[in-house]
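Here the structure comes first, spelled out in structure tokens, and everything after it is commentary.
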Amino acid sequence: MIFNIHIIALTDFLADLIIASLDPFPGNRPIKHQRQHPRQRTMEIHVRPLQRTLNVAPGANLLDALRNNDVPISHSCMAGRCGTCRCKIVAGQVLDSGREVQQPLAAQDSYVLACQTFVTEPCTVEIPE
């Protein structure tokens, strides 16, 4: 059941990306006339030890979210082989796609590779200093 909810969140995120990419003139429309798609919501990622809060879209790749918000995190291969982007999920759940079978990962399972992890709900992440 929980796995299905995470897949739905990823599906909604991908649908929003496709809809946004089909707009032929996204920059020509005045901001006041743009409506926010009902599924376009954000959630918070709390980053320790920096004590920062990031707003990201559901289904966002954790490493991309951290890098896009200028959070200093080491990374190298971007494919889950090197282990450089290892971080700890302190609270909340994420979808870890680097395991043999894609599955939700609860905080008690702790360590993930950020490049292989997708944010499915608000969470707290601890990155190495």
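Lettering and numbering for the structure tokens are positional, with chains as A, B, ... in the shown order, residues counted from 1 in each chain, and ligands counted from 1 in the shown order.
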
Identify, on the basis of only C-alpha atoms, every residue whose closest approach to Val90 of chain A does not exceed 7 Å; exclude the query and any residue fewer than 3 positions from it along the same chain; express the result as a PDB file with C-alpha atoms, in the first residue's frame.
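Final file, part33.pdb:
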ATOM      1  CA  ALA A 107      14.109   6.475   8.650  1.00  0.00           C
ATOM      2  CA  SER A 110      18.991   5.240   7.692  1.00  0.00           C
ATOM      3  CA  THR A 124      15.112  15.283   7.489  1.00  0.00           C
ATOM      4  CA  VAL A 125      18.439  14.453   5.888  1.00  0.00           C
ATOM      5  CA  GLU A 126      21.839  14.446   7.565  1.00  0.00           C
TER       6      GLU A 126
END

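Remark: for Thr42 of chain A, the closest of the candidate residues A:Gly92, A:Gly59, A:Gly80, A:Pro128 is A:Gly59 (distances computed over only C-alpha atoms).
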
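By only C-alpha atoms, and with residues fewer than 4 positions from Cys82 of chain A along its chain excluded, the set lying at most 12 Å from it is Ser74, His75, Ser76, Cys77, Met78, Arg86, Gly98, Leu113, Ala114, Cys115 and Gln116 of chain A.
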
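Nearest-residue note for Val119 of chain A: choosing from A:Ile73, A:Val56, A:Ala79, A:Cys85, the minimum distance belongs to A:Val56, counting only C-alpha atoms.
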
Excluding Glu121 of chain A and residues on its chain fewer than 5 positions from it, collect all residues at most 7 Å away from it, counting only C-alpha atoms, and give them as a list in words. Met43, Pro58, Gly92, Gln93 and Val94 of chain A

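With only C-alpha atoms as the basis for measurement, A:Asn69 is the residue among A:Ser97, A:Asn61, A:Asn69, A:Thr120 that approaches Val47 of chain A most closely.
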
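Distance check against Phe118 of chain A using only C-alpha atoms: of A:Val71, A:Leu66, A:Ala91, A:Ala60, the minimum falls on A:Ala60.
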